[in-house]
$ cat start_22.csv   # CSV, C-alpha atoms
chain,number,residue,atom,x,y,z
A,15,MET,CA,-7.3,-39.4,3.2
A,16,GLY,CA,-4.6,-41.4,1.6
A,17,GLY,CA,-2.9,-39.6,-1.3
A,18,ALA,CA,-0.2,-40.3,-3.8
A,19,ALA,CA,2.5,-39.5,-1.3
A,20,PHE,CA,1.1,-41.6,1.6
A,21,LYS,CA,-0.2,-45.1,1.0
A,22,LEU,CA,0.3,-46.5,4.5
A,23,VAL,CA,-2.4,-47.9,6.8
A,24,GLY,CA,-2.8,-48.8,10.4
A,25,ALA,CA,-0.7,-48.0,13.5
A,26,PRO,CA,2.7,-48.1,11.8
A,27,ALA,CA,1.5,-45.4,9.4
A,28,PHE,CA,0.3,-43.2,12.2
A,29,ILE,CA,3.5,-43.5,14.1
A,30,TRP,CA,5.6,-42.7,11.0
A,31,LEU,CA,3.5,-39.7,10.0
A,32,CYS,CA,3.5,-38.3,13.5
A,33,ALA,CA,7.2,-38.6,13.7
A,34,VAL,CA,7.6,-36.7,10.5
A,35,LEU,CA,5.2,-33.9,11.3
A,36,CYS,CA,6.0,-33.5,15.0
A,37,SER,CA,9.8,-33.7,14.9
A,38,SER,CA,10.7,-31.3,12.0
A,39,PRO,CA,9.7,-27.8,10.9
A,40,GLY,CA,8.7,-29.0,7.5
A,41,LEU,CA,7.5,-32.1,5.7
A,42,SER,CA,9.9,-33.6,3.2
A,43,ALA,CA,9.0,-37.0,1.6
A,44,PRO,CA,8.8,-38.5,-1.8
A,45,GLY,CA,6.0,-36.9,-3.8
A,46,ILE,CA,5.8,-33.8,-1.6
A,47,PRO,CA,6.7,-30.6,-3.6
A,48,ASP,CA,9.5,-28.4,-2.4
A,49,ALA,CA,7.9,-25.4,-4.2
A,50,TYR,CA,5.1,-25.3,-6.7
A,51,CYS,CA,2.8,-28.2,-7.6
A,52,GLY,CA,2.9,-29.4,-11.2
A,53,ALA,CA,5.5,-29.1,-13.9
A,54,GLY,CA,7.3,-25.9,-13.1
A,55,GLU,CA,5.8,-22.6,-11.9
A,56,ASP,CA,3.7,-21.7,-14.9
A,57,PHE,CA,0.6,-23.9,-14.3
A,58,LYS,CA,-2.7,-22.0,-14.0
A,59,LEU,CA,-3.8,-21.6,-10.4
A,60,ASP,CA,-6.9,-23.8,-10.8
A,61,GLU,CA,-4.7,-26.5,-12.3
A,62,GLN,CA,-2.1,-26.3,-9.6
A,63,GLU,CA,-4.4,-26.7,-6.6
A,64,PRO,CA,-5.8,-30.2,-7.5
A,65,ARG,CA,-2.3,-31.4,-7.9
A,66,CYS,CA,-1.4,-29.9,-4.5
A,67,LEU,CA,-4.4,-31.4,-2.8
A,68,LYS,CA,-3.5,-34.8,-4.2
A,69,LEU,CA,0.1,-34.6,-3.1
A,70,LEU,CA,-0.6,-32.9,0.3
A,71,SER,CA,-3.7,-34.9,1.2
A,72,GLN,CA,-2.5,-35.3,4.8
A,73,LEU,CA,-1.9,-31.6,5.2
A,74,ALA,CA,-4.7,-29.8,3.3
A,75,ASN,CA,-8.2,-30.4,1.8
A,76,ARG,CA,-11.0,-28.3,0.3
A,77,LYS,CA,-14.6,-28.2,1.4
A,78,GLY,CA,-16.5,-26.0,-1.1
A,79,ASN,CA,-15.2,-22.5,-0.9
A,80,ALA,CA,-13.0,-23.2,2.2
A,81,LEU,CA,-9.4,-24.4,1.9
A,82,LEU,CA,-8.4,-26.2,5.1
A,83,LEU,CA,-4.7,-26.3,6.1
A,84,HIS,CA,-3.9,-28.8,8.9
A,85,LEU,CA,-1.2,-27.3,11.0
A,86,GLN,CA,1.5,-29.1,13.0
A,87,ASN,CA,0.2,-27.6,16.2
A,88,GLY,CA,-3.1,-29.6,15.7
A,89,LYS,CA,-5.1,-26.6,14.6
A,90,THR,CA,-6.7,-26.0,11.2
A,91,LYS,CA,-6.4,-22.7,9.3
A,92,THR,CA,-9.2,-21.9,7.0
A,93,ILE,CA,-8.6,-19.9,3.8
A,94,LYS,CA,-11.9,-18.7,2.2
A,95,SER,CA,-12.9,-17.9,-1.3
A,96,ASN,CA,-16.0,-15.9,-2.5
A,97,PRO,CA,-16.4,-16.7,-6.2
A,98,ALA,CA,-20.1,-15.7,-6.1
A,99,ALA,CA,-19.0,-12.1,-5.4
A,100,CYS,CA,-16.6,-12.3,-8.4
A,101,ASP,CA,-19.4,-13.5,-10.6
A,102,LYS,CA,-21.6,-10.6,-9.5
A,103,ASP,CA,-18.9,-8.0,-10.1
A,104,ASP,CA,-18.7,-7.3,-6.3
A,105,ALA,CA,-15.2,-6.0,-6.4
A,106,SER,CA,-14.8,-5.4,-2.7
A,107,ASN,CA,-15.6,-9.0,-1.7
A,108,CYS,CA,-14.3,-10.9,-4.8
A,109,VAL,CA,-11.5,-13.3,-3.8
A,110,ARG,CA,-10.5,-16.8,-5.0
A,111,SER,CA,-7.9,-18.6,-3.0
A,112,TYR,CA,-5.7,-21.5,-4.2
A,113,LEU,CA,-3.1,-23.8,-2.7
A,114,VAL,CA,-0.3,-23.8,-5.3
A,115,GLY,CA,2.7,-25.2,-3.5
A,116,TYR,CA,4.4,-26.3,-0.4
A,117,HIS,CA,8.0,-25.6,0.7
A,118,GLY,CA,9.0,-28.8,2.5
A,119,ASN,CA,12.3,-27.7,4.1
A,120,ALA,CA,10.8,-24.5,5.5
A,121,GLY,CA,7.3,-26.0,6.2
A,122,LEU,CA,5.4,-23.4,4.3
A,123,PHE,CA,2.1,-23.5,2.4
A,124,ILE,CA,2.1,-21.3,-0.7
A,125,ILE,CA,-1.2,-19.7,-1.3
A,126,ALA,CA,-2.3,-17.5,-4.2
A,127,LYS,CA,-5.3,-15.2,-4.0
A,128,THR,CA,-6.9,-13.5,-7.0
A,129,TYR,CA,-9.2,-10.4,-6.6
A,130,TYR,CA,-11.5,-8.5,-8.9
A,131,GLU,CA,-8.3,-6.8,-10.1
A,132,GLY,CA,-4.9,-8.1,-9.3
A,133,TRP,CA,-3.6,-10.9,-7.1
A,134,GLU,CA,-1.4,-11.7,-4.1
A,135,TYR,CA,0.7,-14.5,-2.7
A,136,PHE,CA,1.1,-15.7,0.9
A,137,LEU,CA,3.6,-17.9,2.6
A,138,ILE,CA,1.9,-19.6,5.6
A,139,SER,CA,3.7,-21.5,8.3
A,140,ALA,CA,2.7,-25.1,8.6
A,141,GLN,CA,3.7,-24.9,12.3
A,142,THR,CA,1.7,-21.9,13.5
A,143,GLY,CA,-0.5,-20.7,10.6
A,144,LYS,CA,1.2,-17.3,10.7
A,145,GLU,CA,1.4,-15.7,7.2
A,146,THR,CA,3.5,-13.4,5.2
A,147,SER,CA,1.8,-11.3,2.4
A,148,LEU,CA,3.8,-10.9,-0.8
A,149,GLY,CA,3.1,-8.8,-3.8
A,150,ASP,CA,3.7,-11.6,-6.2
A,151,ARG,CA,5.0,-15.1,-6.7
A,152,PRO,CA,8.1,-15.9,-4.7
A,153,HIS,CA,10.9,-17.6,-6.6
A,154,PHE,CA,13.1,-19.7,-4.4
A,155,ALA,CA,16.9,-19.8,-4.7
A,156,PRO,CA,19.1,-22.9,-4.8
A,157,ASP,CA,19.8,-22.5,-1.1
A,158,GLU,CA,16.0,-23.0,-0.5
A,159,SER,CA,15.9,-20.3,2.2
A,160,THR,CA,16.0,-17.2,0.0
A,161,PHE,CA,13.3,-16.0,-2.4
A,162,VAL,CA,12.9,-13.1,-4.8
A,163,ILE,CA,9.8,-11.2,-5.9
A,164,VAL,CA,9.8,-9.3,-9.2
A,165,ASN,CA,7.5,-6.5,-10.3
A,166,PRO,CA,4.8,-7.1,-7.7
A,167,GLN,CA,1.2,-5.9,-7.7
A,168,GLU,CA,1.6,-2.6,-5.9
A,169,GLU,CA,-2.1,-2.3,-5.0
A,170,TYR,CA,-1.8,-5.2,-2.5
A,171,SER,CA,1.7,-4.6,-1.1
A,172,GLN,CA,4.1,-1.8,-0.1
A,173,PRO,CA,5.4,-0.3,-3.4
A,174,TYR,CA,8.7,-1.8,-4.6
A,175,TYR,CA,10.1,-3.2,-7.8
A,176,PHE,CA,12.1,-6.1,-6.5
A,177,ALA,CA,12.3,-7.7,-3.1
A,178,VAL,CA,14.4,-10.5,-1.5
A,179,GLY,CA,13.1,-12.5,1.5
A,180,THR,CA,14.1,-15.3,3.8
A,181,THR,CA,12.3,-18.4,5.1
A,182,ALA,CA,14.7,-18.5,8.1
A,183,THR,CA,12.2,-16.5,10.2
A,184,ILE,CA,8.7,-17.7,11.3
A,185,PRO,CA,6.8,-16.4,9.4
A,186,PRO,CA,9.1,-15.6,6.5
A,187,SER,CA,10.1,-12.0,6.1
A,188,ILE,CA,11.3,-9.5,3.4
A,189,SER,CA,14.9,-8.7,4.1
A,190,TRP,CA,15.5,-6.2,1.2
A,191,LYS,CA,13.4,-4.1,-1.1
A,192,SER,CA,14.4,-1.9,-4.1
A,193,SER,CA,14.7,1.7,-3.0
A,194,GLU,CA,14.3,3.5,-6.3
A,195,ALA,CA,12.0,3.4,-9.3
A,196,ILE,CA,13.2,1.3,-12.1
A,197,ALA,CA,11.7,1.8,-15.6
A,198,GLY,CA,10.1,-1.0,-17.5
A,199,GLU,CA,8.4,-4.3,-16.7
A,200,TRP,CA,10.8,-6.8,-15.4
A,201,GLU,CA,10.2,-10.6,-15.3
A,202,PHE,CA,12.0,-13.3,-13.4
A,203,HIS,CA,14.1,-15.7,-15.5
A,204,ASN,CA,16.3,-17.8,-13.3
A,205,TRP,CA,18.4,-18.0,-10.1
A,206,VAL,CA,22.1,-18.4,-11.2
A,207,ASP,CA,23.2,-19.0,-7.7
A,208,ARG,CA,22.4,-17.7,-4.2
A,209,ASP,CA,23.9,-14.3,-5.1
A,210,HIS,CA,22.7,-13.7,-8.7
A,211,VAL,CA,19.2,-13.6,-10.3
A,212,GLU,CA,18.7,-13.4,-14.0
A,213,LEU,CA,15.9,-11.0,-15.1
A,214,THR,CA,14.3,-10.0,-18.4
A,215,LEU,CA,13.1,-6.5,-19.4
A,216,ALA,CA,10.2,-7.0,-21.8
A,217,THR,CA,9.2,-3.4,-22.4
A,218,THR,CA,10.9,-0.5,-24.2
A,219,THR,CA,12.8,2.0,-22.1
A,220,GLN,CA,15.5,4.5,-22.6
A,221,ASP,CA,18.1,1.9,-21.7
A,222,CYS,CA,16.4,-0.8,-23.6
A,223,PRO,CA,15.1,0.6,-27.0
A,224,LYS,CA,14.8,-2.9,-28.5
A,225,PRO,CA,13.5,-5.4,-25.9
A,226,PRO,CA,14.0,-7.9,-24.6
A,227,CYS,CA,17.0,-6.9,-22.5
A,228,GLU,CA,18.7,-8.8,-19.7
A,229,GLY,CA,19.4,-7.8,-16.2
A,230,VAL,CA,21.0,-9.4,-13.2
A,231,LEU,CA,20.0,-8.8,-9.6
A,232,VAL,CA,23.3,-9.1,-7.7
A,233,ARG,CA,23.8,-9.4,-3.9
A,234,ALA,CA,25.8,-6.4,-2.7
A,235,GLY,CA,26.7,-6.5,0.9
A,236,THR,CA,23.5,-6.6,2.9
A,237,GLY,CA,21.5,-5.5,-0.1
A,238,TRP,CA,21.1,-6.1,-3.8
A,239,LYS,CA,21.6,-4.1,-7.0
A,240,LEU,CA,20.4,-4.3,-10.5
A,241,ASP,CA,22.9,-4.5,-13.4
A,242,LEU,CA,21.4,-4.0,-16.8
A,243,VAL,CA,22.8,-5.8,-19.8
A,244,ARG,CA,22.0,-4.0,-23.0
A,245,ALA,CA,20.2,-6.0,-25.8
A,246,LYS,CA,22.5,-7.9,-28.1
A,247,ARG,CA,20.1,-7.8,-31.0

$ encode --input "start_22.csv" --output "structure tokens"
Amino acid sequence: MGGAAFKLVGAPAFIWLCAVLCSSPGLSAPGIPDAYCGAGEDFKLDEQEPRCLKLLSQLANRKGNALLLHLQNGKTKTIKSNPAACDKDDASNCVRSYLVGYHGNAGLFIIAKTYYEGWEYFLISAQTGKETSLGDRPHFAPDESTFVIVNPQEEYSQPYYFAVGTTATIPPSISWKSSEAIAGEWEFHNWVDRDHVELTLATTTQDCPKPPCEGVLVRAGTGWKLDLVRAKR
């Protein structure tokens, strides 16, 4: 089971690994990703999972259509896929599940599921196996405990346009959602700092006749607000 991150053998290796897994909420070691596996967040899902399984060989493995997550409480959480249903156009049972990342400080597996139409992301506690369903990919802030979701798939989550969540709870939770409809299709660009998120509006709207336009999601008290920056070209 040795992977790129763990090349230790014998009793000393077991003692070291147990100390890491049993004494801290997450796993942080050289080679272990703090978010998504691979170079950046834009890898295809089926390319990210082999990288994750190699880096996280002590924590997860795949047996056919079953993804096995080995939790810190000694239990195993199984995440199943049903690609045969997808191949047969069985929309109600079609699901493909991928391990795409691991948040070391918070001790969270990042799982992506694709369906016959649409997709969904989950944050799963490495301690307990409890999970939080998200409408789309979480983008983590520099403080590593805050994440933002932009333009989620509404079919698989409560409708909202933007959401901000925290990893300080077990499992993680959404602490704020946008409360009003916002025209256009927004895309995540970058976290500036823990209070500002740069966004891009890629579609034509009344406020953005010549896309792309820029926007900034700004922390405002206990919530957030969107400030639109009109196109400069």

$ residues_around --input "start_22.csv" --residues "A:Ala49" --least-positions-apart "6" --cutoff "12 Å" --atoms "all atoms listed in the file" --output "list in words"
Leu41, Ser42, Glu55, Gln62, Cys66, Leu113, Val114, Gly115, Tyr116, His117, Gly118, Asn119, Ala120, Gly121, Leu122, Phe123, Ile124, Ile125, Leu137, Arg151, Pro152, His153, Phe154, Ala155, Pro156, Glu158, Ser159 and Phe161 of chain A

$ residues_around --input "start_22.csv" --residues "A:Lys94" --least-positions-apart "4" --cutoff "10 Å" --atoms "only C-alpha atoms" --output "list in words"
Arg76, Lys77, Gly78, Asn79, Ala80, Leu81, Leu82, Val109, Arg110, Ser111, Tyr112 and Lys127 of chain A

$ atom_distance --input "start_22.csv" --atom1 "atom CA of A:Asn107" --atom2 "atom CA of A:Trp133"
13.3 Å

$ atom_distance --input "start_22.csv" --atom1 "atom CA of A:Lys191" --atom2 "atom CA of A:Leu83"
29.5 Å

$ atom_distance --input "start_22.csv" --atom1 "atom CA of A:Ser71" --atom2 "atom CA of A:Ser95"
19.5 Å

$ closest_residue --input "start_22.csv" --among "A:Thr180, A:Leu231, A:Thr219, A:Gly132" --to "A:Asn204" --atoms "only C-alpha atoms"
A:Leu231

$ residues_around --input "start_22.csv" --residues "A:Val230" --least-positions-apart "3" --cutoff "6 Å" --atoms "all atoms listed in the file" --output "list in words"
Val211, Glu212, Leu213, Leu240 and Asp241 of chain A

$ closest_residue --input "start_22.csv" --among "A:Trp238, A:Tyr175, A:Tyr130, A:Phe136" --to "A:Gly198" --atoms "only C-alpha atoms"
A:Tyr175

$ closest_residue --input "start_22.csv" --among "A:Ser139, A:Ser147, A:Thr92, A:Gln86" --to "A:Leu73" --atoms "all atoms listed in the file"
A:Gln86

$ closest_residue --input "start_22.csv" --among "A:Ala197, A:Ala140, A:Val206, A:Cys227" --to "A:Ile184" --atoms "all atoms listed in the file"
A:Ala140

$ closest_residue --input "start_22.csv" --among "A:Ala216, A:Leu59, A:Ala105, A:Leu70" --to "A:Asn165" --atoms "all atoms listed in the file"
A:Ala216
